[in-house]
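Novice: If you scroll down you'll find the structure; I have some questions about it.
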Amino acid sequence: MAPTLEDSVTSPASEALNAPLKSAPALVAPEPEHCPGPESQQAGKGDACAGCPNQQICATAPKGPDPDIPIITERLRGVKRKVLVLSGKGGVGKSTFSSLLAWGFAGQARKGKIQKPKTELENGSAHNLEVQAPEEHDEDMEDEEDEEKEITVGLMDADITGPSIPKMLGVDNETIHVSSSGWSPVWVSDTLCTMSIQFMLPSRDDAVIWRGAKKNGLIKKFLMDVEWGGLDLLLVDTPPGTSDEHLSVNSYLKEGGVDGAVLVTTPQEVALLDVRKEIDFCRKAGIKILGVVENMAGFVCPNCRHQSQIFKPTTGGARRLCKEEGLKFLGSVPLDPRIGMACDYGERFGEAYPDSPASKAIDEVVRGVGKAVGIEFED
């Protein structure tokens, strides 16, 4: 039976959703000035804890790293690449671009080997901070034999309160199937699968009104309980900002390694202001930035093919930002009204309109991201 957020179903998924989540203890008073932190090893034991109303609460709160992280790492062992799609600003078309990126990779013919960067985890560290994809074979790269010639992609919708990926992929009426080995992702095609909270809502228009701990718990279930299998690439579409969902995804994937992040912006300075914050977040969190995509960079008329600047790059746009920050500029994707139509109908835009300038730009971005994570396409 499919898990929902309405019924109390006696199934593994229902039990998992209702299980207590690890979160910060509920304090009865503000933290004192020299508080060691309610989740630190010294919580409730330090000198500053003496006489604090929270002392007993902090002393009995769970300590240390999340015990489920090794389980997540093992579950995702077959996933060769994990890439986050981030945007500091809402409304820049990040989810739309995530779906286009997933379609762009899925089913592509690739060479018989994927170059897998050696992670620092193999050398005793948990982070994979420097992933390089050289043009020629590098001694820091490992070749992985794989008989499957088509790229298989998973797209995880981590936007808990605004899930739109299922609609864009044309599977918004599907539900999650549960087996003894976990939750099965919804397969859009033979080479593309997805997972979203949208599949669990009693009604497609129901709001998800959750605080951070509940959202983080579901993200953990998406990573720990979903049978992602042997994917070549797992894309994680995150909500705007640098908050709970981003911290959770990074923490849960840290041990297994995040291969990098693609940042999506629009040309105007208002969007770039928040992208700079996203860049700062990635650097502080130790997430490698694969590059920046400038979305909605001009409007292409489908009749005359003339391109107009809707959002003018008043400060140089994403290209100048990348130059200033020392990042790779992955490309500019122009507006095309048919993209919105394709997403509304769950169609593959690049397949329906291969001659569109937007399709060609997306293809260049796909190849740029593929090169950054060591995926080489057949010519």
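Ligands are numbered from 1 in the order shown, chains are lettered A, B, ... in the order of the structure tokens, and residues start at 1 in each chain.
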Give me the residues within 7 Å of Gly170 in chain A as number ranges by chain, counting only C-alpha atoms and dropping any in the same chain fewer than 2 places off.
Specialist: A: 166-168, 172, 345-347
Novice: Which polymer residues have any atom within 6 Å of an atom of range 285-287 of chain A, counting only C-alpha atoms, with same-chain residues fewer than 3 positions away left out, as a PyMOL selection string?
Specialist: chain A and resi 260+281-282
Novice: Could you name the residues that touch Arg338 in chain A at 10 Å or less, counting only C-alpha atoms, but leaving out those on the same chain fewer than 4 positions away, as a PDB file with N, CA, C and O atoms, in the first residue's frame?
Specialist:
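Heads up, here's the output in result_3.pdb:
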```pdb
ATOM      1  N   PRO A 302       9.580  32.228 -30.879  1.00  0.00           N
ATOM      2  CA  PRO A 302       9.504  30.966 -31.612  1.00  0.00           C
ATOM      3  C   PRO A 302       9.212  31.139 -33.104  1.00  0.00           C
ATOM      4  O   PRO A 302       9.384  30.206 -33.877  1.00  0.00           O
ATOM      5  N   ALA A 342       5.858  22.517 -22.182  1.00  0.00           N
ATOM      6  CA  ALA A 342       6.343  21.143 -22.060  1.00  0.00           C
ATOM      7  C   ALA A 342       6.291  20.673 -20.611  1.00  0.00           C
ATOM      8  O   ALA A 342       5.916  19.527 -20.328  1.00  0.00           O
ATOM      9  N   CYS A 343       6.634  21.559 -19.673  1.00  0.00           N
ATOM     10  CA  CYS A 343       6.585  21.198 -18.254  1.00  0.00           C
ATOM     11  C   CYS A 343       5.145  20.987 -17.788  1.00  0.00           C
ATOM     12  O   CYS A 343       4.865  20.095 -16.995  1.00  0.00           O
ATOM     13  N   ASP A 344       4.231  21.803 -18.282  1.00  0.00           N
ATOM     14  CA  ASP A 344       2.817  21.646 -17.906  1.00  0.00           C
ATOM     15  C   ASP A 344       2.268  20.297 -18.356  1.00  0.00           C
ATOM     16  O   ASP A 344       1.428  19.692 -17.674  1.00  0.00           O
ATOM     17  N   PHE A 349      11.180  18.460 -23.397  1.00  0.00           N
ATOM     18  CA  PHE A 349      11.311  19.648 -24.245  1.00  0.00           C
ATOM     19  C   PHE A 349      12.368  19.466 -25.327  1.00  0.00           C
ATOM     20  O   PHE A 349      12.140  19.791 -26.501  1.00  0.00           O
ATOM     21  N   ALA A 352      11.083  17.332 -28.139  1.00  0.00           N
ATOM     22  CA  ALA A 352       9.994  17.931 -28.911  1.00  0.00           C
ATOM     23  C   ALA A 352      10.472  19.105 -29.759  1.00  0.00           C
ATOM     24  O   ALA A 352       9.971  19.328 -30.864  1.00  0.00           O
ATOM     25  N   TYR A 353      11.462  19.857 -29.252  1.00  0.00           N
ATOM     26  CA  TYR A 353      11.940  21.048 -29.950  1.00  0.00           C
ATOM     27  C   TYR A 353      13.471  21.059 -29.991  1.00  0.00           C
ATOM     28  O   TYR A 353      14.109  21.914 -29.382  1.00  0.00           O
ATOM     29  N   SER A 356      15.375  24.381 -30.989  1.00  0.00           N
ATOM     30  CA  SER A 356      15.251  25.597 -30.187  1.00  0.00           C
ATOM     31  C   SER A 356      16.613  26.002 -29.636  1.00  0.00           C
ATOM     32  O   SER A 356      17.402  25.149 -29.198  1.00  0.00           O
ATOM     33  N   ALA A 358      17.144  27.246 -26.865  1.00  0.00           N
ATOM     34  CA  ALA A 358      17.151  26.803 -25.475  1.00  0.00           C
ATOM     35  C   ALA A 358      17.587  25.343 -25.377  1.00  0.00           C
ATOM     36  O   ALA A 358      18.350  24.961 -24.478  1.00  0.00           O
TER      37      ALA A 358
END
```
Novice: Name all residues at most 7 Å from range 263-269 of chain A (count only C-alpha atoms; drop same-chain ones fewer than 2 positions away) and give them as an mmCIF file with N, CA and C atoms, in the first residue's frame.
Specialist:
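So the final result, stored in part-v8.cif, reads:
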```cif
data_model
loop_
_atom_site.group_PDB
_atom_site.id
_atom_site.type_symbol
_atom_site.label_atom_id
_atom_site.label_comp_id
_atom_site.auth_asym_id
_atom_site.auth_seq_id
_atom_site.Cartn_x
_atom_site.Cartn_y
_atom_site.Cartn_z
ATOM 1 N N VAL A 85 21.194 20.663 -7.125
ATOM 2 C CA VAL A 85 20.813 21.822 -7.937
ATOM 3 C C VAL A 85 20.313 22.878 -6.969
ATOM 4 N N LEU A 86 21.033 24.004 -6.906
ATOM 5 C CA LEU A 86 20.771 25.030 -5.903
ATOM 6 C C LEU A 86 20.450 26.364 -6.560
ATOM 7 N N SER A 87 19.746 27.203 -5.804
ATOM 8 C CA SER A 87 19.556 28.596 -6.211
ATOM 9 C C SER A 87 19.328 29.400 -4.952
ATOM 10 N N VAL A 92 13.774 31.568 -10.144
ATOM 11 C CA VAL A 92 14.764 31.607 -11.227
ATOM 12 C C VAL A 92 14.636 30.403 -12.156
ATOM 13 N N LYS A 94 14.649 27.068 -11.145
ATOM 14 C CA LYS A 94 15.554 25.995 -10.721
ATOM 15 C C LYS A 94 14.924 24.617 -10.906
ATOM 16 N N ALA A 261 27.703 20.807 -6.902
ATOM 17 C CA ALA A 261 26.430 21.523 -7.006
ATOM 18 C C ALA A 261 26.423 22.387 -8.253
ATOM 19 N N ALA A 271 18.786 38.697 -8.416
ATOM 20 C CA ALA A 271 18.985 37.257 -8.276
ATOM 21 C C ALA A 271 20.420 36.938 -7.901
ATOM 22 N N LEU A 272 21.371 37.663 -8.469
ATOM 23 C CA LEU A 272 22.783 37.394 -8.191
ATOM 24 C C LEU A 272 23.143 37.664 -6.737
ATOM 25 N N LEU A 273 22.443 38.596 -6.095
ATOM 26 C CA LEU A 273 22.695 38.873 -4.680
ATOM 27 C C LEU A 273 22.543 37.606 -3.846
ATOM 28 N N VAL A 275 22.510 34.495 -5.061
ATOM 29 C CA VAL A 275 23.413 33.448 -5.534
ATOM 30 C C VAL A 275 24.766 33.564 -4.841
ATOM 31 N N GLY A 291 29.548 24.674 -11.310
ATOM 32 C CA GLY A 291 29.393 25.807 -12.202
ATOM 33 C C GLY A 291 28.069 26.511 -11.990
ATOM 34 N N VAL A 292 27.884 27.601 -12.715
ATOM 35 C CA VAL A 292 26.689 28.430 -12.604
ATOM 36 C C VAL A 292 25.987 28.478 -13.959
ATOM 37 N N VAL A 293 24.672 28.335 -13.935
ATOM 38 C CA VAL A 293 23.846 28.414 -15.143
ATOM 39 C C VAL A 293 23.021 29.686 -15.076
ATOM 40 N N GLU A 294 23.043 30.449 -16.154
ATOM 41 C CA GLU A 294 22.214 31.649 -16.239
ATOM 42 C C GLU A 294 20.941 31.296 -16.996
ATOM 43 N N ASN A 295 19.852 31.190 -16.250
ATOM 44 C CA ASN A 295 18.565 30.811 -16.838
ATOM 45 C C ASN A 295 17.785 32.062 -17.245
ATOM 46 N N MET A 296 16.839 31.901 -18.157
ATOM 47 C CA MET A 296 16.006 33.002 -18.653
ATOM 48 C C MET A 296 16.860 34.142 -19.195
ATOM 49 N N ALA A 297 17.951 33.795 -19.844
ATOM 50 C CA ALA A 297 18.876 34.799 -20.375
ATOM 51 C C ALA A 297 18.416 35.228 -21.761
ATOM 52 N N PHE A 311 15.365 40.071 -18.721
ATOM 53 C CA PHE A 311 16.061 40.410 -17.474
ATOM 54 C C PHE A 311 17.474 40.875 -17.846
ATOM 55 N N LYS A 312 17.667 42.164 -17.845
ATOM 56 C CA LYS A 312 18.950 42.697 -18.293
ATOM 57 C C LYS A 312 20.049 42.443 -17.244
ATOM 58 N N PRO A 313 21.205 41.987 -17.689
ATOM 59 C CA PRO A 313 22.327 41.761 -16.766
ATOM 60 C C PRO A 313 22.997 43.087 -16.403
ATOM 61 N N THR A 314 22.373 43.826 -15.504
ATOM 62 C CA THR A 314 22.829 45.190 -15.190
ATOM 63 C C THR A 314 24.236 45.228 -14.603
ATOM 64 N N THR A 315 24.671 44.132 -13.975
ATOM 65 C CA THR A 315 26.023 44.097 -13.386
ATOM 66 C C THR A 315 26.894 43.038 -14.052
ATOM 67 N N GLY A 317 25.762 40.027 -15.187
ATOM 68 C CA GLY A 317 25.137 38.705 -15.164
ATOM 69 C C GLY A 317 26.000 37.623 -14.559
ATOM 70 N N ALA A 318 25.598 36.376 -14.809
ATOM 71 C CA ALA A 318 26.284 35.233 -14.210
ATOM 72 C C ALA A 318 27.698 35.065 -14.752
#
```
Novice: Find the residues around Gln307 in chain A up to 6 Å (only C-alpha atoms counted), leave out those fewer than 2 positions away in its own chain, and share them as a list in words.
Specialist: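 My reading of the contact set: Gly298, Phe299 and Val300 of chain A.
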Novice: If we count only C-alpha atoms, what is near Val366 in chain A at a cut-off of 8 Å, once residues fewer than 3 positions away on the same chain are taken out, given as a PyMOL selection string?
Specialist: chain A and resi 101+104-105+362-363+369-370
Novice: Okay, now the selection with all heavy atoms, as a short mmCIF file (atom, residue, chain, number, x, y, z; two decimals), in the first residue's frame?
Specialist:
```cif
data_model
loop_
_atom_site.label_atom_id
_atom_site.label_comp_id
_atom_site.auth_asym_id
_atom_site.auth_seq_id
_atom_site.Cartn_x
_atom_site.Cartn_y
_atom_site.Cartn_z
N LEU A 101 17.57 19.24 -16.95
CA LEU A 101 18.88 18.62 -16.78
C LEU A 101 18.73 17.10 -16.68
O LEU A 101 19.51 16.34 -17.27
CB LEU A 101 19.54 19.17 -15.52
CG LEU A 101 21.04 18.90 -15.32
CD1 LEU A 101 21.86 19.54 -16.43
CD2 LEU A 101 21.49 19.43 -13.96
N GLY A 104 17.96 15.78 -19.98
CA GLY A 104 19.13 15.90 -20.83
C GLY A 104 20.11 14.76 -20.65
O GLY A 104 20.74 14.30 -21.61
N PHE A 105 20.24 14.28 -19.42
CA PHE A 105 21.15 13.17 -19.13
C PHE A 105 20.51 11.82 -19.42
O PHE A 105 21.16 10.91 -19.94
CB PHE A 105 21.59 13.20 -17.66
CG PHE A 105 22.79 14.05 -17.40
CD1 PHE A 105 22.66 15.30 -16.80
CD2 PHE A 105 24.06 13.61 -17.73
CE1 PHE A 105 23.76 16.08 -16.54
CE2 PHE A 105 25.18 14.38 -17.48
CZ PHE A 105 25.03 15.63 -16.88
N ILE A 362 20.80 24.04 -23.33
CA ILE A 362 20.67 23.02 -22.28
C ILE A 362 21.61 21.86 -22.55
O ILE A 362 22.25 21.32 -21.63
CB ILE A 362 19.20 22.54 -22.17
CG1 ILE A 362 18.32 23.67 -21.65
CG2 ILE A 362 19.10 21.32 -21.26
CD1 ILE A 362 16.84 23.44 -21.88
N ASP A 363 21.72 21.46 -23.81
CA ASP A 363 22.61 20.37 -24.16
C ASP A 363 24.06 20.71 -23.82
O ASP A 363 24.82 19.85 -23.34
CB ASP A 363 22.49 20.06 -25.65
CG ASP A 363 23.29 18.84 -26.05
OD1 ASP A 363 23.02 17.74 -25.52
OD2 ASP A 363 24.22 18.98 -26.89
N VAL A 369 28.27 19.76 -17.26
CA VAL A 369 28.10 19.09 -15.97
C VAL A 369 28.64 17.67 -16.04
O VAL A 369 29.32 17.19 -15.12
CB VAL A 369 26.62 19.10 -15.53
CG1 VAL A 369 26.43 18.28 -14.25
CG2 VAL A 369 26.14 20.52 -15.32
N GLY A 370 28.34 16.97 -17.15
CA GLY A 370 28.84 15.61 -17.32
C GLY A 370 30.35 15.56 -17.27
O GLY A 370 30.95 14.69 -16.62
#
```
Novice: State, in Å with one decimal place, the distance from CA of Glu324 in chain A to CA of Ile279 in chain A.
Specialist: 11.9 Å
Novice: Can you pull out every residue from range 242-353 of chain A that DSSP, working from the backbone, puts in helix (DSSP H, G or I), and format the result as a short mmCIF file (atom, residue, chain, number, x, y, z; two decimals) with C-alpha atoms, in the first residue's frame?
Specialist:
```cif
data_model
loop_
_atom_site.label_atom_id
_atom_site.label_comp_id
_atom_site.auth_asym_id
_atom_site.auth_seq_id
_atom_site.Cartn_x
_atom_site.Cartn_y
_atom_site.Cartn_z
CA ASP A 244 17.08 23.20 6.70
CA GLU A 245 16.72 21.13 3.55
CA HIS A 246 20.16 22.09 2.26
CA LEU A 247 21.86 21.37 5.57
CA SER A 248 20.08 18.02 5.83
CA VAL A 249 20.94 16.83 2.33
CA ASN A 250 24.58 17.82 2.80
CA SER A 251 24.80 16.14 6.22
CA TYR A 252 23.17 12.90 5.08
CA LEU A 253 25.29 12.65 1.93
CA GLU A 269 21.51 41.69 -9.89
CA VAL A 270 18.55 40.98 -7.58
CA ALA A 271 18.99 37.26 -8.28
CA LEU A 272 22.78 37.39 -8.19
CA LEU A 273 22.70 38.87 -4.68
CA ASP A 274 21.25 35.64 -3.32
CA VAL A 275 23.41 33.45 -5.53
CA ARG A 276 26.45 34.97 -3.85
CA LYS A 277 25.02 33.77 -0.54
CA GLU A 278 24.55 30.30 -2.04
CA ILE A 279 28.18 30.33 -3.16
CA ASP A 280 29.22 31.22 0.38
CA PHE A 281 27.05 28.39 1.74
CA CYS A 282 28.68 25.86 -0.58
CA ARG A 283 32.15 26.93 0.41
CA LYS A 284 31.37 26.80 4.11
CA ALA A 285 29.65 23.43 3.74
CA GLY A 317 25.14 38.71 -15.16
CA ALA A 318 26.28 35.23 -14.21
CA ARG A 319 29.25 35.32 -16.57
CA ARG A 320 30.85 38.22 -14.72
CA LEU A 321 29.94 36.68 -11.36
CA CYS A 322 31.78 33.50 -12.30
CA LYS A 323 34.81 35.49 -13.36
CA GLU A 324 34.84 37.36 -10.05
CA GLU A 325 34.34 34.23 -7.96
CA PRO A 337 7.53 29.76 -23.95
CA ARG A 338 7.43 26.16 -25.12
CA ILE A 339 9.51 25.14 -22.09
CA GLY A 340 6.63 26.09 -19.79
CA MET A 341 4.18 24.28 -22.03
CA ALA A 342 6.34 21.14 -22.06
CA CYS A 343 6.58 21.20 -18.25
CA ASP A 344 2.82 21.65 -17.91
CA PHE A 349 11.31 19.65 -24.25
CA GLY A 350 14.61 18.81 -25.92
CA GLU A 351 13.04 15.94 -27.82
CA ALA A 352 9.99 17.93 -28.91
#
```
